[in-house]
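S.K.: So that you have it, the file is target12.txt, and it contains compact mmCIF, C-alpha atoms:
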```txt
# COMPACT_ATOMS: atom_id res chain seq x y z
CA MET A 15 -44.71 -63.68 -35.43
CA ASP A 16 -46.14 -60.19 -35.96
CA VAL A 17 -43.58 -57.51 -35.07
CA ILE A 18 -43.72 -53.80 -34.32
CA GLU A 19 -40.57 -51.68 -34.47
CA LEU A 20 -40.35 -48.61 -32.23
CA PHE A 21 -37.72 -45.84 -32.59
CA ALA A 22 -37.13 -47.56 -35.90
CA GLY A 23 -34.44 -45.32 -37.37
CA VAL A 24 -33.78 -46.71 -40.83
CA GLY A 25 -34.95 -50.22 -39.97
CA GLY A 26 -32.07 -52.20 -38.45
CA PHE A 27 -34.30 -54.50 -36.41
CA ARG A 28 -36.55 -55.12 -39.39
CA ILE A 29 -33.62 -56.01 -41.65
CA GLY A 30 -32.15 -58.33 -39.02
CA LEU A 31 -35.42 -60.19 -38.44
CA ASP A 32 -36.29 -60.37 -42.16
CA ARG A 33 -33.04 -62.30 -42.70
CA VAL A 34 -34.15 -65.09 -40.36
CA GLY A 35 -36.11 -66.48 -43.28
CA ASN A 36 -39.29 -68.51 -43.81
CA ASN A 37 -41.24 -65.25 -43.31
CA PHE A 38 -41.31 -66.14 -39.62
CA PHE A 39 -41.09 -62.52 -38.49
CA LYS A 40 -43.36 -60.00 -40.20
CA THR A 41 -43.13 -56.31 -39.29
CA ILE A 42 -46.70 -55.00 -39.36
CA TRP A 43 -46.25 -51.57 -37.75
CA SER A 44 -43.41 -49.14 -37.14
CA ASN A 45 -42.78 -45.74 -35.62
CA GLN A 46 -39.98 -43.26 -36.27
CA TYR A 47 -39.99 -39.61 -35.24
CA GLU A 48 -37.17 -37.14 -34.72
CA PRO A 49 -38.38 -34.28 -32.51
CA THR A 50 -35.42 -31.98 -33.19
CA THR A 51 -35.78 -31.71 -36.98
CA LYS A 52 -38.57 -30.50 -39.23
CA LYS A 53 -37.62 -32.82 -42.08
CA GLN A 54 -37.95 -36.46 -41.05
CA HIS A 55 -34.96 -37.94 -42.89
CA ALA A 56 -34.88 -41.35 -41.17
CA SER A 57 -38.61 -41.86 -41.56
CA GLU A 58 -38.35 -40.96 -45.24
CA THR A 59 -35.62 -43.54 -45.72
CA TYR A 60 -37.64 -46.15 -43.83
CA THR A 61 -40.72 -45.72 -46.03
CA THR A 62 -38.60 -45.60 -49.19
CA ARG A 63 -37.19 -49.03 -48.35
CA PHE A 64 -40.19 -50.73 -46.75
CA GLY A 65 -43.23 -48.78 -47.90
CA ALA A 66 -45.56 -46.49 -45.97
CA ALA A 67 -48.09 -49.16 -44.94
CA GLY A 68 -48.17 -49.51 -41.16
CA HIS A 69 -45.59 -46.76 -40.63
CA VAL A 70 -46.32 -43.82 -38.34
CA ASN A 71 -44.15 -40.70 -38.36
CA ALA A 72 -45.36 -39.07 -35.15
CA ASP A 73 -44.24 -38.58 -31.58
CA ILE A 74 -44.92 -41.97 -29.98
CA ALA A 75 -46.36 -40.20 -26.93
CA THR A 76 -49.21 -38.95 -29.14
CA VAL A 77 -49.98 -42.39 -30.58
CA PRO A 78 -52.89 -44.10 -28.75
CA THR A 79 -52.16 -47.68 -27.76
CA ASP A 80 -55.41 -48.89 -29.32
CA SER A 81 -54.19 -47.62 -32.71
CA ILE A 82 -51.17 -49.94 -32.52
CA PRO A 83 -52.08 -53.41 -33.80
CA ASP A 84 -51.71 -56.37 -31.45
CA HIS A 85 -48.39 -58.06 -32.03
CA ASP A 86 -46.20 -60.95 -30.89
CA VAL A 87 -42.83 -59.15 -30.75
CA LEU A 88 -42.02 -55.56 -29.76
CA CYS A 89 -38.56 -54.40 -30.71
CA GLY A 90 -36.73 -51.11 -30.61
CA GLY A 91 -33.57 -49.25 -29.67
CA PHE A 92 -34.87 -46.79 -27.11
CA PRO A 93 -32.62 -43.80 -26.31
CA CYS A 94 -30.53 -43.76 -23.15
CA GLN A 95 -31.90 -41.07 -20.87
CA ASP A 96 -32.68 -40.54 -17.20
CA TYR A 97 -35.14 -43.19 -16.04
CA SER A 98 -35.77 -41.76 -12.59
CA VAL A 99 -39.36 -41.82 -11.41
CA ALA A 100 -41.39 -39.85 -8.91
CA ARG A 101 -44.60 -40.64 -7.09
CA VAL A 102 -47.64 -38.87 -8.53
CA LEU A 103 -50.73 -39.81 -6.57
CA SER A 104 -53.14 -38.35 -9.10
CA GLN A 105 -52.10 -40.88 -11.72
CA ALA A 106 -53.75 -44.27 -11.79
CA HIS A 107 -50.47 -46.18 -12.00
CA GLY A 108 -48.88 -43.89 -9.43
CA LEU A 109 -45.56 -43.27 -11.16
CA GLU A 110 -44.33 -40.85 -13.76
CA GLY A 111 -41.08 -40.86 -15.69
CA LYS A 112 -39.22 -37.56 -15.41
CA LYS A 113 -36.88 -37.67 -18.38
CA GLY A 114 -36.69 -41.19 -19.77
CA VAL A 115 -39.95 -40.54 -21.54
CA LEU A 116 -39.37 -42.94 -24.41
CA TRP A 117 -38.84 -45.90 -22.10
CA TRP A 118 -42.13 -45.04 -20.41
CA GLU A 119 -43.86 -45.11 -23.80
CA ILE A 120 -42.78 -48.75 -24.14
CA GLU A 121 -44.05 -49.38 -20.62
CA ARG A 122 -47.33 -47.63 -21.46
CA ILE A 123 -47.90 -49.73 -24.57
CA LEU A 124 -47.23 -52.99 -22.70
CA ARG A 125 -49.39 -51.96 -19.77
CA GLU A 126 -52.34 -50.78 -21.87
CA LYS A 127 -52.18 -53.83 -24.15
CA GLY A 128 -52.76 -55.93 -21.03
CA ALA A 129 -53.61 -59.51 -21.91
CA ASN A 130 -52.77 -58.74 -25.55
CA ALA A 131 -49.26 -57.50 -24.78
CA PRO A 132 -46.51 -59.13 -26.89
CA SER A 133 -45.00 -62.40 -25.73
CA VAL A 134 -41.46 -61.32 -26.70
CA LEU A 135 -39.55 -58.05 -26.28
CA LEU A 136 -36.27 -57.34 -28.06
CA LEU A 137 -34.66 -54.06 -27.00
CA GLU A 138 -31.27 -52.41 -27.53
CA ASN A 139 -29.41 -49.59 -25.81
CA VAL A 140 -25.91 -48.31 -25.12
CA ASP A 141 -23.90 -50.47 -22.75
CA ARG A 142 -23.57 -47.74 -20.13
CA LEU A 143 -27.26 -48.25 -19.31
CA ILE A 144 -26.29 -50.79 -16.62
CA ILE A 145 -24.09 -48.25 -14.79
CA SER A 146 -26.29 -45.14 -15.10
CA PRO A 147 -26.52 -42.66 -13.51
CA ALA A 148 -22.97 -41.99 -12.34
CA LYS A 149 -24.07 -41.02 -8.81
CA GLN A 150 -26.27 -44.09 -8.31
CA ARG A 151 -24.87 -46.88 -10.48
CA GLY A 152 -27.44 -49.29 -11.86
CA ARG A 153 -30.52 -47.36 -10.76
CA ASP A 154 -31.89 -46.79 -14.26
CA PHE A 155 -31.52 -50.43 -15.23
CA ALA A 156 -33.12 -51.55 -11.96
CA VAL A 157 -36.13 -49.33 -12.67
CA ILE A 158 -36.49 -50.81 -16.16
CA LEU A 159 -36.19 -54.40 -14.94
CA GLN A 160 -38.68 -53.93 -12.11
CA SER A 161 -41.18 -52.20 -14.37
CA LEU A 162 -41.01 -55.23 -16.69
CA ALA A 163 -41.39 -57.57 -13.72
CA ASP A 164 -44.51 -55.62 -12.68
CA LEU A 165 -45.86 -56.13 -16.20
CA GLY A 166 -45.35 -59.90 -16.00
CA TYR A 167 -42.13 -60.39 -17.96
CA TYR A 168 -38.99 -62.40 -17.38
CA VAL A 169 -35.90 -60.69 -18.80
CA GLU A 170 -32.42 -61.71 -19.89
CA TRP A 171 -29.74 -59.30 -21.04
CA ARG A 172 -26.29 -59.39 -22.58
CA ILE A 173 -23.76 -56.74 -23.54
CA ILE A 174 -22.47 -57.85 -26.93
CA ASN A 175 -19.53 -56.54 -28.92
CA ALA A 176 -20.35 -57.42 -32.53
CA ALA A 177 -16.67 -57.94 -33.40
CA ASP A 178 -16.40 -60.68 -30.76
CA TYR A 179 -18.62 -62.82 -32.97
CA GLY A 180 -16.96 -62.23 -36.33
CA MET A 181 -18.78 -59.06 -37.38
CA PRO A 182 -16.94 -56.14 -38.98
CA GLN A 183 -17.37 -53.46 -36.28
CA ARG A 184 -16.32 -53.16 -32.65
CA ARG A 185 -19.71 -51.98 -31.39
CA ARG A 186 -20.76 -52.76 -27.80
CA ARG A 187 -24.45 -52.55 -27.02
CA ILE A 188 -26.78 -54.04 -24.45
CA TYR A 189 -29.61 -56.24 -25.71
CA LEU A 190 -32.61 -57.21 -23.62
CA LEU A 191 -35.02 -60.06 -24.29
CA GLY A 192 -38.29 -60.13 -22.39
CA TYR A 193 -40.65 -63.09 -22.24
CA LYS A 194 -44.19 -63.01 -20.93
CA LYS A 195 -44.31 -65.32 -17.92
CA ASP A 196 -46.94 -67.59 -19.52
CA SER A 197 -45.04 -67.81 -22.84
CA LEU A 198 -43.29 -70.82 -24.34
CA ILE A 199 -39.76 -69.53 -23.79
CA ALA A 200 -40.41 -68.36 -20.23
CA GLY A 201 -41.56 -71.89 -19.43
CA GLN A 202 -38.16 -73.23 -20.51
CA ILE A 203 -36.26 -71.30 -17.81
CA SER A 204 -35.69 -73.67 -14.90
CA ASP A 205 -32.29 -72.55 -13.60
CA ALA A 206 -30.89 -69.04 -13.93
CA ALA A 207 -27.25 -70.17 -14.04
CA ASP A 208 -27.84 -72.75 -16.76
CA TRP A 209 -29.82 -70.19 -18.74
CA LEU A 210 -26.98 -67.66 -18.54
CA PHE A 211 -24.17 -70.01 -19.52
CA SER A 212 -25.72 -72.58 -21.83
CA ASP A 213 -29.50 -72.77 -22.24
CA GLY A 214 -30.70 -69.21 -22.85
CA ILE A 215 -31.39 -67.48 -26.16
CA PHE A 216 -28.29 -65.32 -25.79
CA ALA A 217 -26.16 -68.28 -24.66
CA LYS A 218 -27.14 -70.21 -27.79
CA ALA A 219 -26.90 -67.28 -30.21
CA PHE A 220 -23.69 -65.87 -28.69
CA PRO A 221 -21.85 -68.68 -26.86
CA VAL A 222 -19.71 -67.88 -23.85
CA CYS A 223 -16.87 -69.68 -22.11
CA ASN A 224 -18.26 -71.99 -19.47
CA PRO A 225 -16.00 -71.66 -16.42
CA ASP A 226 -14.41 -74.83 -15.11
CA SER A 227 -16.47 -74.88 -11.95
CA ASN A 228 -17.73 -78.48 -11.91
CA GLY A 229 -21.20 -77.13 -12.53
CA LEU A 230 -21.07 -74.80 -9.52
CA PHE A 231 -22.09 -71.78 -11.57
CA ASP A 232 -23.98 -70.24 -8.66
CA SER A 233 -20.71 -69.25 -6.97
CA LEU A 234 -19.93 -67.04 -9.97
CA ILE A 235 -23.28 -65.26 -10.02
CA THR A 236 -24.46 -62.32 -7.97
CA SER A 237 -28.14 -62.53 -7.02
CA PHE A 238 -30.36 -59.98 -5.31
CA GLU A 239 -33.91 -58.66 -5.14
CA LEU A 240 -34.55 -55.41 -6.99
CA LYS A 241 -36.74 -54.09 -4.21
CA LYS A 242 -37.78 -54.83 -0.67
CA PRO A 243 -41.33 -55.94 0.19
CA ASN A 244 -43.87 -53.12 -0.13
CA GLU A 245 -41.49 -50.97 -2.18
CA ASP A 246 -42.38 -49.68 -5.64
CA LEU A 247 -40.55 -48.10 -8.58
CA ALA A 248 -40.28 -44.73 -6.84
CA ASP A 249 -38.54 -46.44 -3.90
CA ILE A 250 -36.09 -48.16 -6.28
CA SER A 251 -35.42 -44.83 -7.97
CA ALA A 252 -34.70 -43.19 -4.63
CA ASN A 253 -32.85 -45.99 -2.85
CA PHE A 254 -31.21 -48.44 -5.26
CA ASN A 255 -27.44 -48.53 -4.65
CA ILE A 256 -27.79 -45.19 -2.90
CA ASP A 257 -24.31 -45.37 -1.39
CA ASN A 258 -22.97 -46.01 -4.92
CA LYS A 259 -20.40 -48.52 -3.65
CA GLN A 260 -21.34 -51.31 -6.06
CA ARG A 261 -21.85 -52.03 -9.72
CA PRO A 262 -24.77 -54.42 -9.27
CA PHE A 263 -25.20 -55.48 -12.91
CA SER A 264 -22.62 -57.38 -14.97
CA ASN A 265 -22.59 -57.86 -18.74
CA ALA A 266 -25.06 -60.78 -18.60
CA GLY A 267 -28.02 -61.54 -16.41
CA VAL A 268 -31.54 -62.81 -15.86
CA MET A 269 -34.46 -61.27 -13.98
CA LEU A 270 -37.28 -63.52 -12.77
CA ASP A 271 -40.11 -62.12 -10.64
CA GLY A 272 -38.02 -59.17 -9.51
CA LYS A 273 -34.96 -61.25 -8.56
CA VAL A 274 -31.74 -60.72 -10.48
CA TRP A 275 -28.93 -63.15 -11.29
CA SER A 276 -25.96 -61.44 -12.93
CA THR A 277 -22.46 -62.48 -13.93
CA ALA A 278 -19.58 -61.49 -16.19
CA VAL A 279 -19.24 -63.73 -19.24
CA GLU A 280 -16.55 -63.99 -21.91
CA PRO A 281 -17.38 -64.58 -25.59
CA LYS A 282 -16.53 -67.89 -27.22
CA TYR A 283 -16.23 -67.76 -31.00
CA ASN A 284 -14.20 -69.83 -33.46
CA GLY A 285 -15.74 -68.80 -36.77
CA THR A 286 -14.63 -66.50 -39.55
CA CYS A 287 -14.05 -62.81 -38.83
CA THR A 288 -14.79 -59.89 -41.11
CA THR A 289 -12.35 -56.99 -41.03
CA LEU A 290 -12.52 -53.35 -42.08
CA GLY A 291 -10.52 -54.24 -45.19
CA ASP A 292 -13.09 -56.87 -46.17
CA ILE A 293 -15.93 -54.37 -46.53
CA LEU A 294 -14.18 -51.79 -48.72
CA VAL A 295 -15.67 -51.20 -52.15
CA THR A 296 -13.96 -52.78 -55.12
CA GLY A 297 -14.33 -52.87 -58.90
CA LYS A 298 -16.88 -50.53 -60.44
CA ASP A 299 -18.09 -49.52 -56.96
CA ARG A 300 -14.87 -47.57 -56.55
CA ASN A 301 -16.49 -44.94 -58.75
CA LEU A 302 -18.43 -44.00 -55.59
CA ILE A 303 -15.19 -42.71 -54.02
CA THR A 304 -15.22 -39.07 -55.07
CA GLU A 305 -12.20 -36.80 -54.65
CA ASP A 306 -13.64 -35.08 -51.56
CA TYR A 307 -13.27 -38.36 -49.63
CA TYR A 308 -9.48 -38.19 -49.92
CA LEU A 309 -7.58 -36.16 -47.33
CA SER A 310 -6.17 -32.98 -48.81
CA GLU A 311 -2.52 -32.22 -48.29
CA GLU A 312 -3.44 -29.03 -46.42
CA SER A 313 -5.69 -30.87 -43.94
CA PHE A 314 -3.22 -33.65 -43.18
CA PRO A 315 -1.44 -31.90 -40.25
CA LYS A 316 -4.80 -31.23 -38.55
CA TRP A 317 -5.86 -34.87 -38.96
CA LYS A 318 -2.53 -36.04 -37.56
CA TYR A 319 -2.80 -33.71 -34.57
CA LEU A 320 -6.35 -34.74 -33.70
CA LYS A 321 -5.53 -38.45 -33.98
CA GLY A 322 -2.30 -38.16 -32.02
CA ALA A 323 -1.45 -38.25 -28.30
CA LYS A 324 -1.69 -34.94 -26.45
CA HIS A 325 0.00 -33.70 -23.29
CA GLU A 326 -0.55 -29.97 -23.19
CA ILE A 327 -1.71 -27.03 -21.12
CA ARG A 328 -5.11 -25.69 -22.10
CA LYS A 329 -7.13 -22.74 -20.90
CA SER A 330 -10.84 -22.72 -20.08
CA LYS A 331 -13.20 -19.93 -21.13
CA ASP A 332 -12.82 -18.28 -17.73
CA GLY A 333 -9.03 -18.31 -18.00
CA PHE A 334 -8.32 -21.35 -15.82
CA GLU A 335 -5.31 -23.34 -17.02
CA PHE A 336 -5.36 -27.13 -16.85
CA SER A 337 -3.31 -30.07 -18.04
CA TYR A 338 -4.95 -31.96 -20.92
CA ASN A 339 -3.90 -35.53 -21.70
CA GLU A 340 -5.22 -37.78 -24.44
CA GLY A 341 -3.89 -41.01 -25.86
CA GLY A 342 -3.09 -41.49 -29.51
CA MET A 343 -5.14 -43.64 -31.85
CA ALA A 344 -4.35 -45.57 -34.99
CA PHE A 345 -3.93 -43.33 -38.03
CA PRO A 346 -4.84 -44.64 -40.49
CA ASP A 347 -7.25 -47.27 -39.18
CA PRO A 348 -5.92 -50.83 -39.60
CA LEU A 349 -7.58 -52.85 -42.34
CA ASP A 350 -6.82 -56.26 -40.82
CA LYS A 351 -9.13 -55.78 -37.80
CA PRO A 352 -12.80 -54.95 -37.29
CA SER A 353 -13.45 -51.21 -37.42
CA ARG A 354 -13.85 -48.86 -34.51
CA THR A 355 -17.39 -47.90 -33.54
CA ILE A 356 -19.17 -45.60 -35.97
CA ILE A 357 -20.52 -42.48 -34.27
CA THR A 358 -23.06 -39.94 -35.52
CA SER A 359 -20.42 -37.33 -36.42
CA GLU A 360 -18.74 -39.68 -38.92
CA GLY A 361 -19.90 -37.63 -41.92
CA GLY A 362 -18.35 -34.54 -43.47
CA SER A 363 -14.85 -33.73 -44.66
CA ALA A 364 -13.65 -31.66 -41.69
CA PRO A 365 -10.75 -33.27 -39.77
CA SER A 366 -11.88 -35.20 -36.69
CA ARG A 367 -10.36 -37.54 -34.12
CA PHE A 368 -13.28 -39.96 -34.40
CA LYS A 369 -13.87 -40.32 -38.12
CA HIS A 370 -12.42 -43.37 -39.81
CA VAL A 371 -9.46 -42.79 -42.11
CA ILE A 372 -7.96 -45.63 -44.13
CA LYS A 373 -5.05 -46.05 -46.50
CA ASP A 374 -6.76 -47.00 -49.74
CA PRO A 375 -5.34 -50.41 -50.76
CA VAL A 376 -5.57 -49.55 -54.46
CA ASN A 377 -3.83 -46.18 -54.68
CA GLY A 378 -2.26 -45.77 -51.22
CA ARG A 379 -4.01 -42.46 -50.55
CA LEU A 380 -5.65 -41.66 -47.21
CA ARG A 381 -9.41 -41.32 -47.34
CA ARG A 382 -12.59 -41.42 -45.30
CA LEU A 383 -15.15 -44.20 -45.59
CA ILE A 384 -17.99 -43.71 -48.04
CA PRO A 385 -21.65 -44.32 -47.03
CA VAL A 386 -21.93 -47.81 -48.52
CA GLU A 387 -18.87 -48.90 -46.52
CA LEU A 388 -20.42 -47.55 -43.33
CA GLU A 389 -23.60 -49.48 -44.16
CA ARG A 390 -21.56 -52.65 -44.54
CA LEU A 391 -19.96 -52.14 -41.12
CA ASN A 392 -23.48 -52.29 -39.64
CA MET A 393 -24.37 -55.18 -42.01
CA PHE A 394 -27.07 -53.17 -43.81
CA PRO A 395 -27.77 -53.79 -47.51
CA ASP A 396 -25.65 -51.71 -49.86
CA ASN A 397 -27.16 -48.28 -50.52
CA HIS A 398 -29.94 -48.80 -47.99
CA THR A 399 -29.78 -45.09 -47.11
CA ILE A 400 -29.27 -43.73 -50.64
CA GLY A 401 -31.41 -40.69 -51.37
CA GLN A 402 -30.12 -38.68 -48.41
CA ASN A 403 -26.91 -36.64 -48.44
CA ASP A 404 -23.70 -38.38 -47.41
CA SER A 405 -23.47 -36.70 -43.99
CA LYS A 406 -27.00 -37.75 -43.11
CA ARG A 407 -26.29 -41.30 -44.29
CA ALA A 408 -23.25 -41.41 -42.00
CA PHE A 409 -25.39 -40.05 -39.14
CA PHE A 410 -27.91 -42.87 -39.66
CA MET A 411 -25.17 -45.48 -39.34
CA GLY A 412 -23.82 -43.83 -36.21
CA ASN A 413 -27.26 -44.29 -34.68
CA ALA A 414 -27.88 -47.80 -36.02
CA LEU A 415 -27.22 -51.26 -34.65
CA VAL A 416 -25.35 -54.15 -36.25
CA CYS A 417 -28.08 -56.07 -38.08
CA GLY A 418 -26.20 -59.36 -37.73
CA ILE A 419 -26.76 -59.30 -33.95
CA VAL A 420 -30.54 -59.14 -34.46
CA THR A 421 -30.45 -61.90 -37.05
CA ARG A 422 -28.65 -64.28 -34.68
CA ILE A 423 -31.13 -63.55 -31.91
CA GLY A 424 -34.01 -64.00 -34.34
CA GLN A 425 -32.65 -67.33 -35.57
CA GLU A 426 -32.53 -68.70 -32.03
CA LEU A 427 -36.03 -67.40 -31.27
CA TYR A 428 -37.21 -69.09 -34.46
CA LYS A 429 -35.71 -72.42 -33.38
CA ARG A 430 -37.44 -72.27 -30.00
CA LEU A 431 -40.79 -70.97 -31.18
CA SER A 432 -41.14 -73.05 -34.35
CA GLU A 433 -40.63 -76.21 -32.33
```
What would you get if you wrote out this structure as structure tokens?
M.R.:
Amino acid sequence: MDVIELFAGVGGFRIGLDRVGNNFFKTIWSNQYEPTTKKQHASETYTTRFGAAGHVNADIATVPTDSIPDHDVLCGGFPCQDYSVARVLSQAHGLEGKKGVLWWEIERILREKGANAPSVLLLENVDRLIISPAKQRGRDFAVILQSLADLGYYVEWRIINAADYGMPQRRRRIYLLGYKKDSLIAGQISDAADWLFSDGIFAKAFPVCNPDSNGLFDSLITSFELKKPNEDLADISANFNIDNKQRPFSNAGVMLDGKVWSTAVEPKYNGTCTTLGDILVTGKDRNLITEDYYLSEESFPKWKYLKGAKHEIRKSKDGFEFSYNEGGMAFPDPLDKPSRTIITSEGGSAPSRFKHVIKDPVNGRLRRLIPVELERLNMFPDNHTIGQNDSKRAFFMGNALVCGIVTRIGQELYKRLSE
């Protein structure tokens, strides 16, 4: 299966699919571009690890579709933005994305590829996508699903917390799989409920608890049409859940021909679990822990304050006083559990509420995590991002996905497609 990787970062999808084995997935083209920086750090890291062949470091909006090779799988973690659309009569397809421009680049590639569009889509985003925007819950996701329906795809989605399936980080993300309606996998979908609970790619790769319902799964599933007859994407954007009284999408679902089946599922996992303590460097690798990673005695009170609970009066810039409340968090982070989610501000020595701090099991001193430990929490190879400074390496991991999730999805796709 020929693969292209969009919004590639430092290559999490590629690593995950490469681990499926038997050279079943082959990444033939990739794109990574950061519009806010002159130096393209992530793209540099990508080409250092995988080579420059087939890699394009340019704004995807400037890349003509006919310069992208035909492929079987399109994957990418597109940014979460505003996916509202407006009617523009002068445009052939009639609709224009206002802000969610990177989603519309995916849509553009699929639309312009036409009959040569990929048979499988594998996409990732933050879990709040299904409840965005706040004033019209679910609208953005409805627009995405209907645009894929218009392009001839069936879609299934699942919000997955990597730690629920034995991985070392508590990282919740939404994953979408799209199948062209005439593809092998699409032809296997006969019942939406069975697909959600037992038969689907996600159900096989990430099992869930089947409710004791004597097979009456339908009573547990919400189903609805994304749009009314004669409506289009602009109508969905304007009208979907306009009274904002519902949360239409649950953490799992299927979309077939514009109809949605959605339900809340609970993970079922009985395997081994990797903890934060399991990924810490040992032996000669401890030489990577330089003194600046240990908390100084002077900074300790600031760390303790930021990590602690707060019930205090604060004052805004215009002088308005308000009551500020914030719960406390573990300090240091427990080593016998999966880690908290890595965020992009993980790097640097300045005290922060959100950076990980551990009690080093060897010397008992409090320290931050080093880059190779952050890579391990996302299941990247050790030193995958070496060559950039430590803060940038931490930033990469805050933006990345857990590669093990992609590998499990890829393994199940391989089983279905190789048969």
S.K.: Using atom CA of Gly333 of chain A and atom CA of Ala148 of chain A as the two end points, give the distance in Å to one decimal.
M.R.: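 Value for the atom CA of Gly333 of chain A-atom CA of Ala148 of chain A distance: 28.1 Å.
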S.K.: Using all atoms listed in the file, which residue out of A:Leu388, A:Cys89, A:Ile400, A:Met393 lies closest to Ala176 of chain A?
M.R.: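 For Ala176 of chain A, the nearest of the candidates is A:Met393.
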S.K.: If I take atom CA of Val268 of chain A and atom CA of Glu119 of chain A, how far is one from the other in Å, to one decimal?
M.R.: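 Atom CA of Glu119 of chain A lies 23.0 Å from atom CA of Val268 of chain A.
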S.K.: Using all atoms listed in the file, determine which residues lie at most 8 Å from Asn392 of chain A, disregarding the query and same-chain residues fewer than 2 positions distant; provide the list as a VMD selection string.
M.R.: chain A and resid 182 to 183 388 to 390 394 411 414 to 418
S.K.: Which polymer residues have any atom within 8 Å of an atom of Asp257 of chain A, counting only C-alpha atoms, with same-chain residues fewer than 2 positions away left out, as a list in words?
M.R.: Gln150, Asn255 and Lys259 of chain A
S.K.: Give the answer as one residue: which of A:Gly424, A:Gly322, A:Gly23, A:Gly341 has the shortest atom-to-atom distance to His55 of chain A, using all atoms listed in the file?
M.R.: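 Of all the options, A:Gly23 lies closest to His55 of chain A.
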S.K.: Take atom CA of Arg172 of chain A and atom CA of Ile188 of chain A and report the distance between them in Å, one decimal.
M.R.: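 Separation between atom CA of Arg172 of chain A and atom CA of Ile188 of chain A: 5.7 Å.
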S.K.: Taking only C-alpha atoms into account, produce a table as a tab-separated table in which each residue of segment 143-249 of chain A with an atom at most 10 Å from an atom of segment 347-367 of chain A appears once, together with its shortest atom pair and the distance in Å to one decimal, ordered by chain and rising number.
M.R.:
```
residue	atom	partner	partner_atom	distance
A:Ala176	CA	A:Pro352	CA	9.3
A:Ala177	CA	A:Pro352	CA	6.2
A:Asp178	CA	A:Pro352	CA	9.4
A:Gly180	CA	A:Pro352	CA	8.4
A:Met181	CA	A:Pro352	CA	7.3
A:Pro182	CA	A:Pro352	CA	4.6
A:Gln183	CA	A:Ser353	CA	4.7
A:Arg184	CA	A:Arg354	CA	5.3
A:Arg185	CA	A:Thr355	CA	5.2
A:Arg186	CA	A:Thr355	CA	8.2
```
S.K.: Smallest atom-to-atom distance to Asn175 of chain A: which of A:Asn130, A:Ile419, A:Ala67, A:Pro78, using all atoms listed in the file?
M.R.: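 The shortest atom-to-atom distance to Asn175 of chain A comes from A:Ile419.
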S.K.: List as a PyMOL selection string the protein and nucleic acid residues near Ile145 of chain A, meaning an atom at most 10 Å away when only C-alpha atoms are counted, but skip any in the same chain fewer than 6 places from it.
M.R.: chain A and resi 151-155+260-264
S.K.: Would you kindly identify which residues have an atom no farther than 9 Å from (-50.8, -54.5, -37.0), using only C-alpha atoms and the file's own coordinates, and write them out as a PDB file with C-alpha atoms, in the coordinates of the input?
M.R.:
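Final output, out_25.pdb:
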```pdb
ATOM      1  CA  ASP A  16     -46.140 -60.190 -35.960  1.00  0.00           C
ATOM      2  CA  VAL A  17     -43.580 -57.510 -35.070  1.00  0.00           C
ATOM      3  CA  ILE A  18     -43.720 -53.800 -34.320  1.00  0.00           C
ATOM      4  CA  THR A  41     -43.130 -56.310 -39.290  1.00  0.00           C
ATOM      5  CA  ILE A  42     -46.700 -55.000 -39.360  1.00  0.00           C
ATOM      6  CA  TRP A  43     -46.250 -51.570 -37.750  1.00  0.00           C
ATOM      7  CA  GLY A  68     -48.170 -49.510 -41.160  1.00  0.00           C
ATOM      8  CA  SER A  81     -54.190 -47.620 -32.710  1.00  0.00           C
ATOM      9  CA  ILE A  82     -51.170 -49.940 -32.520  1.00  0.00           C
ATOM     10  CA  PRO A  83     -52.080 -53.410 -33.800  1.00  0.00           C
ATOM     11  CA  ASP A  84     -51.710 -56.370 -31.450  1.00  0.00           C
ATOM     12  CA  HIS A  85     -48.390 -58.060 -32.030  1.00  0.00           C
TER      13      HIS A  85
END
```
S.K.: Might you pull out every residue within 12 Å of Ile303 of chain A, with only C-alpha atoms counted and same-chain residues fewer than 5 positions away left off, and present them as a list in words?
M.R.: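 Counting only the stated atoms, we get Leu294, Val295, Thr296, Gly297, Lys298, Tyr308, Asp374, Val376, Asn377, Arg379, Leu380, Arg381, Arg382, Leu383, Ile384, Pro385, Val386, Glu387 and Asp404 of chain A.
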S.K.: Do a neighbour search on Phe336 of chain A at 10 Å with only C-alpha atoms, toss out local chain neighbours closer than 5 positions, and write the hits as number ranges by chain.
M.R.: A: 326-330
S.K.: Tell me which of A:Ser276, A:Asn244, A:Asn45, A:Ser133 sits closest to Ala207 of chain A, counting only C-alpha atoms.
M.R.: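 For Ala207 of chain A, the nearest of the candidates is A:Ser276.
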S.K.: Which residue is closest to Asp271 of chain A? Choose from A:Leu162, A:Ile372, A:Leu198, A:Ile203 and count only C-alpha atoms.
M.R.: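 Under the stated criterion, the closest residue is A:Leu162.
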S.K.: Within 12 Å of (-28.4, -75.4, -26.7), all atoms listed in the file: residues as a PyMOL selection string?
M.R.: chain A and resi 202+208-222+426-427+429-430
